[in-house]
Structures are given as C-alpha cells and as structure tokens.
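Student: I am attaching a structure below and will ask some questions about it afterwards.
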Amino acid sequence: MSVADSQQWRSRVLRTADNLSFLPWLRDRGSLTARIQARGRFAVQLLRQDLGRPTGDEAVALGLERGAHAWIREVALSCDDRIVVFAHTVLPCRPRGPLTRWLARLGNRSLGALLFADAGFVRGPMNVKRIDRRDELFAPALAALHLDGQDAPDTLWARRSHFGFGAQSVLVTEVFSPTLLEFDAAGPVSAASTVRSAAADPCRSEPPHNAIAGKENQCASRF
C-alpha cells in the first residue's frame with residue numbers, strides 16, 4: 001500500500017461527535033439511489049466512463065496487478081439540483097460478461113437501479129473511510145461535488161462496496177458531500193421510492209452509443 005492508503009478502509013466505524021450525522025448514510029446497505037429519491041428530485045450526471053487504472057487500494061481489493069486497466073465510471077448524484085454524492089465504479093476487464101454490457105448501457109442512469117433490481121447481485125462487506133488529500137479519489141471528488149474552492153473541506157466521508165454477479169465483480173466507492181445532510185429532514189426512505197429505483201432497470205433497455213461498447217476488443221487485446 002502507498003502512503004496515501006495508510007488510513008485503511010474499515011468495516012466498522014465508531015460513533016463519534018464528528019460522524020454522528022453521516023452514520024445513517026455510511027451504514028445503510030439499501031439503495032443509495034432510493035434513499036436520495038426519498039428526499040428530493042434525483043438526477044445522475046455521467047462524468048467519466050472509459051478504460052483507466054484503478055487506485056492502488058482498488059487494485060488490491062479487486063485482486064488486480066498494480067497498473068492493470070479496468071473500466072472506470074464516475075458520476076455525480078444530485079438531489080433537487082444540488083450535487084450530493086460522487087460515485088466511482090471500477091469493473092475489471094476480465095472476465096467479460098453481463099456486467100460489462102450492462103455498465104455500457106447506463107449512461108445518465110443510476111448504477112443502483114441495476115444493482116438492486118436483479119436478485120443475482122450479491123453485496124459483499126461494506127467499508128468506510130474518511131478520505132483526505134492523500135487519497136487518489138479526494139481531488140476528483142472535491143471537483144465533482146463543487147467543493148474545490150477556497151473553503152474546501154479537509155476530509156470527506158466515503159464508503160466502498162463489492163458487488164458480485166456470477167464470475168464478475170464491481171467495486172463502488174461513494175463519497176458524500178456535507179450538503180447531503182441538509183436533506184435528512186425529509187424523513188426516511190419510502191417504499192414507493194424503492195420501487196421507482198428498481199423499475200428503472202437498465203438491463204432491459206436498449207444500449208445507447210457509448211465508449212465501452214467500442215473498446216471491448218481493445219481491452220481484451222491489451223490486457
């Protein structure tokens with residue numbers, strides 16, 4: 001591990017005064033999409049979807065060789081037109097399978113709509129970390145969350161989960177903006193919002209033109 005990864009991802013986070021408000025978000029194993037939808041108008045902005053190198057700790061978590069390439073997807077999740085979550089997804093190039101095709105079809109749609117719509121997905125342990133400037137995802141998270149100005153925070157809360165589907169697995173990291181807490185007054189997730197999330201199943205929709213579909217052979221030949 002690099003110096004940037006010296007603060008490890010942990011499966012448990014202790015209740016303290018500085019994380020009390022974020023604990024419900026960090027510990028919830030349900031759909032983040034549904035939880036945000038219950039608090040306001042939800043939207044997804046695709047920031048990046050292409051081949052890239054995972055961070056050092058991501059490579060270790062996925063069992064990849066350092067420097068290996070994988071599919072990288074980054075999005076900003078908004079509630080009532082305010083960006084509240086930066087989501088970073090890593091899918092290994094191999095083995096190829098349904099996840100490769102489904103990720104290519106998402107576009108400006110939520111990955112959560114896929115992960116929680118199909119019973120074939122298995123969620124592994126969820127880990128939590130307070131990331132800072134030593135972490136490779138900190139700078140892109142600040143930029144995506146529009147927090148990279150003079151008053152940029154020194155740390156951000158993040159959580160990371162493995163999702164498995166057959167022989168494939170995907171690693172999802174979600175970084176939370178302090179702005180998210182302003183929506184907590186809206187109350188708990190409703191059953192209706194969960195149904196909305198599951199109904200938007202990208203697995204059953206037609207794939208739009210995208211970068212992944214045109215680069216599958218490139219990934220297979222190079223790596």
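To be explicit about the labels: the chains of the structure tokens are called A, B, and onward in the order shown, and within each one the residues are counted from 1, while ligands get numbers from 1 in the order they are shown.
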Could you list, as a list of chain:residue names, every residue within 10 Å of Ala59 in chain A, counting only C-alpha atoms and ignoring same-chain residues fewer than 4 positions away?

Tutor: A:Arg53, A:Pro54, A:Thr55, A:Gly63, A:Leu64, A:Glu65, A:Arg66, A:Gly67, A:Ala68, A:His69, A:Ala70, A:Val90, A:Pro92, A:Leu171

Student: Given the selection you just returned, output its residues as a file containing N, CA and C atoms, formatted as a compact mmCIF listing (two decimals), in the first residue's frame.

Tutor:
# COMPACT_ATOMS: atom_id res chain seq x y z
N ARG A 53 -6.75 3.24 -14.98
CA ARG A 53 -6.07 2.47 -13.93
C ARG A 53 -6.75 2.71 -12.59
N PRO A 54 -7.17 1.66 -11.92
CA PRO A 54 -7.72 1.81 -10.57
C PRO A 54 -6.67 2.38 -9.62
N THR A 55 -7.11 2.92 -8.50
CA THR A 55 -6.16 3.35 -7.48
C THR A 55 -5.47 2.12 -6.89
N GLY A 63 -8.08 -7.67 -6.54
CA GLY A 63 -7.13 -8.72 -6.91
C GLY A 63 -6.45 -8.48 -8.24
N LEU A 64 -6.29 -7.21 -8.62
CA LEU A 64 -5.65 -6.85 -9.89
C LEU A 64 -4.18 -6.53 -9.67
N GLU A 65 -3.39 -6.75 -10.70
CA GLU A 65 -1.99 -6.34 -10.64
C GLU A 65 -1.92 -4.81 -10.68
N ARG A 66 -0.98 -4.26 -9.93
CA ARG A 66 -0.83 -2.80 -9.95
C ARG A 66 -0.49 -2.34 -11.37
N GLY A 67 -1.21 -1.32 -11.83
CA GLY A 67 -1.02 -0.83 -13.19
C GLY A 67 -1.97 -1.44 -14.19
N ALA A 68 -2.72 -2.48 -13.78
CA ALA A 68 -3.69 -3.09 -14.69
C ALA A 68 -4.82 -2.10 -14.98
N HIS A 69 -5.41 -2.22 -16.14
CA HIS A 69 -6.52 -1.36 -16.52
C HIS A 69 -7.86 -2.02 -16.17
N ALA A 70 -8.86 -1.16 -16.05
CA ALA A 70 -10.23 -1.61 -15.77
C ALA A 70 -11.17 -0.55 -16.31
N VAL A 90 -15.44 0.71 -10.40
CA VAL A 90 -14.35 0.01 -11.10
C VAL A 90 -14.82 -1.40 -11.44
N PRO A 92 -13.31 -4.75 -13.43
CA PRO A 92 -12.17 -5.36 -14.13
C PRO A 92 -12.52 -5.75 -15.56
N LEU A 171 -16.49 -2.80 -7.97
CA LEU A 171 -16.18 -2.08 -6.73
C LEU A 171 -16.74 -0.68 -6.84

Student: Got a sec to tell me which of range 15-181 of chain A DSSP assigns to strand (DSSP E or B), as a ChimeraX atom specification?

Tutor: /A:42-52,70-79,82-92,122-131,156-165,168-176

Student: Would you compute the distance between CA of Trp102 in chain A and CA of Leu145 in chain A? Give it in Å to one decimal.

Tutor: 25.7 Å

Student: Write out as a count of residues only the residues lying within 8 Å of Arg48 in chain A, counting only C-alpha atoms and excluding same-chain residues fewer than 2 positions away.

Tutor: 6

Student: Please determine, counting only C-alpha atoms, which residue among A:Phe183, A:Trp157, A:Trp71, A:Phe22 has the shortest atom-to-atom distance to Phe138 in chain A.

Tutor: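 Nearest candidate to Phe138 in chain A out of A:Phe183, A:Trp157, A:Trp71, A:Phe22: A:Trp157.
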
Student: What does the distance between CA of Arg159 in chain A and CA of Cys93 in chain A come to in Å, to one decimal place?

Tutor: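 Computed distance, CA of Arg159 in chain A to CA of Cys93 in chain A, equals 22.9 Å.
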
Student: Contacts of Thr173 in chain A at 12 Å or less, counting only C-alpha atoms, minus same-chain residues fewer than 3 places along, as a ChimeraX atom specification?

Tutor: /A:9,26,32,54-55,57-58,61,72-76,85-91,111,126-129,131,137-138,141,157-163,170,176

Student: Can you write out the residues you just picked, keeping N, CA and C atoms, as a short mmCIF file (atom, residue, chain, number, x, y, z; two decimals), in the first residue's frame?

Tutor:
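The resulting file, result.cif, is reproduced below:
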data_model
loop_
_atom_site.label_atom_id
_atom_site.label_comp_id
_atom_site.auth_asym_id
_atom_site.auth_seq_id
_atom_site.Cartn_x
_atom_site.Cartn_y
_atom_site.Cartn_z
N TRP A 9 -9.43 1.34 4.82
CA TRP A 9 -10.88 1.20 4.80
C TRP A 9 -11.27 0.23 5.91
N LEU A 26 -23.64 6.09 5.95
CA LEU A 26 -22.49 5.20 5.83
C LEU A 26 -22.84 3.75 6.08
N LEU A 32 -28.75 3.48 -2.29
CA LEU A 32 -28.48 4.90 -2.10
C LEU A 32 -29.35 5.73 -3.02
N PRO A 54 -7.17 1.66 -11.92
CA PRO A 54 -7.72 1.81 -10.57
C PRO A 54 -6.67 2.38 -9.62
N THR A 55 -7.11 2.92 -8.50
CA THR A 55 -6.16 3.35 -7.48
C THR A 55 -5.47 2.12 -6.89
N ASP A 57 -5.29 0.95 -3.82
CA ASP A 57 -6.09 0.13 -2.91
C ASP A 57 -7.25 -0.55 -3.64
N GLU A 58 -7.73 0.06 -4.72
CA GLU A 58 -8.77 -0.59 -5.52
C GLU A 58 -8.22 -1.84 -6.21
N ALA A 61 -8.04 -4.52 -3.66
CA ALA A 61 -9.37 -5.02 -3.30
C ALA A 61 -9.95 -5.92 -4.38
N ILE A 72 -13.64 2.30 -15.78
CA ILE A 72 -13.87 3.29 -14.72
C ILE A 72 -15.11 4.10 -15.08
N ARG A 73 -16.03 4.20 -14.15
CA ARG A 73 -17.23 5.02 -14.34
C ARG A 73 -17.35 5.97 -13.15
N GLU A 74 -17.53 7.25 -13.44
CA GLU A 74 -17.70 8.25 -12.39
C GLU A 74 -18.93 9.09 -12.69
N VAL A 75 -19.75 9.30 -11.65
CA VAL A 75 -20.97 10.09 -11.81
C VAL A 75 -21.13 11.01 -10.61
N ALA A 76 -21.93 12.05 -10.81
CA ALA A 76 -22.36 12.93 -9.72
C ALA A 76 -23.85 12.71 -9.52
N VAL A 85 -23.42 13.43 -3.98
CA VAL A 85 -22.59 12.23 -3.93
C VAL A 85 -21.74 12.14 -5.19
N PHE A 86 -20.47 11.80 -5.02
CA PHE A 86 -19.59 11.43 -6.12
C PHE A 86 -19.41 9.92 -6.06
N ALA A 87 -19.78 9.23 -7.14
CA ALA A 87 -19.69 7.77 -7.18
C ALA A 87 -18.65 7.34 -8.20
N HIS A 88 -17.77 6.45 -7.78
CA HIS A 88 -16.64 5.97 -8.59
C HIS A 88 -16.72 4.45 -8.64
N THR A 89 -16.87 3.90 -9.84
CA THR A 89 -17.06 2.47 -10.02
C THR A 89 -15.91 1.87 -10.83
N VAL A 90 -15.44 0.71 -10.40
CA VAL A 90 -14.35 0.01 -11.10
C VAL A 90 -14.82 -1.40 -11.44
N LEU A 91 -14.75 -1.74 -12.73
CA LEU A 91 -15.10 -3.08 -13.21
C LEU A 91 -13.90 -3.67 -13.94
N LEU A 111 -26.41 3.48 -11.27
CA LEU A 111 -25.95 2.10 -11.13
C LEU A 111 -26.78 1.36 -10.09
N MET A 126 -19.23 -3.93 3.40
CA MET A 126 -19.17 -2.50 3.11
C MET A 126 -18.13 -1.87 4.03
N ASN A 127 -17.24 -1.09 3.46
CA ASN A 127 -16.17 -0.45 4.23
C ASN A 127 -16.31 1.06 4.19
N VAL A 128 -15.79 1.70 5.22
CA VAL A 128 -15.95 3.14 5.40
C VAL A 128 -14.59 3.78 5.65
N LYS A 129 -14.44 4.99 5.17
CA LYS A 129 -13.18 5.71 5.38
C LYS A 129 -13.43 7.21 5.29
N ILE A 131 -11.75 10.12 3.81
CA ILE A 131 -10.66 10.36 2.89
C ILE A 131 -10.17 11.81 2.99
N LEU A 137 -8.73 9.57 -4.76
CA LEU A 137 -10.08 9.98 -5.15
C LEU A 137 -10.51 11.31 -4.54
N PHE A 138 -9.69 11.86 -3.64
CA PHE A 138 -10.12 13.06 -2.93
C PHE A 138 -10.26 14.25 -3.87
N ALA A 141 -13.17 13.92 -6.27
CA ALA A 141 -14.42 14.03 -5.52
C ALA A 141 -14.73 15.48 -5.20
N TRP A 157 -16.38 11.98 3.99
CA TRP A 157 -16.75 10.60 4.32
C TRP A 157 -17.04 9.83 3.04
N ALA A 158 -16.59 8.58 3.01
CA ALA A 158 -16.81 7.72 1.84
C ALA A 158 -17.09 6.29 2.31
N ARG A 159 -17.77 5.55 1.47
CA ARG A 159 -17.99 4.12 1.74
C ARG A 159 -17.72 3.35 0.45
N ARG A 160 -17.37 2.09 0.61
CA ARG A 160 -16.98 1.27 -0.54
C ARG A 160 -17.60 -0.12 -0.41
N SER A 161 -18.12 -0.63 -1.52
CA SER A 161 -18.77 -1.94 -1.51
C SER A 161 -18.37 -2.77 -2.72
N HIS A 162 -18.26 -4.09 -2.51
CA HIS A 162 -18.14 -5.06 -3.60
C HIS A 162 -19.53 -5.55 -3.97
N PHE A 163 -19.79 -5.67 -5.26
CA PHE A 163 -21.00 -6.34 -5.74
C PHE A 163 -20.56 -7.43 -6.70
N VAL A 170 -17.75 -5.87 -9.16
CA VAL A 170 -17.58 -4.44 -9.38
C VAL A 170 -17.36 -3.80 -8.01
N PHE A 176 -19.44 11.33 0.01
CA PHE A 176 -20.59 12.15 0.39
C PHE A 176 -20.22 13.61 0.61
#

Student: Select, from A:Ala43, A:Ala38, A:Arg12, A:Ser169, the residue with the minimum atom-to-atom distance to Ser110 in chain A, counting only C-alpha atoms.

Tutor: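 The shortest atom-to-atom distance to Ser110 in chain A comes from A:Ala43.
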
Student: Fewer than 4 positions away in the same chain doesn't count, so skip those; otherwise give me all residues within 8 Å of Phe165 in chain A, counting only C-alpha atoms, as a PDB file with C-alpha atoms, in the first residue's frame.

Tutor:
ATOM      1  CA  LEU A  99     -21.799  -6.580 -16.146  1.00  0.00           C
ATOM      2  CA  GLY A 120     -28.398 -12.176  -8.939  1.00  0.00           C
ATOM      3  CA  PHE A 121     -26.245  -9.432  -7.414  1.00  0.00           C
ATOM      4  CA  VAL A 122     -24.528 -10.251  -4.135  1.00  0.00           C
ATOM      5  CA  SER A 169     -17.386  -8.212  -9.532  1.00  0.00           C
TER       6      SER A 169
END
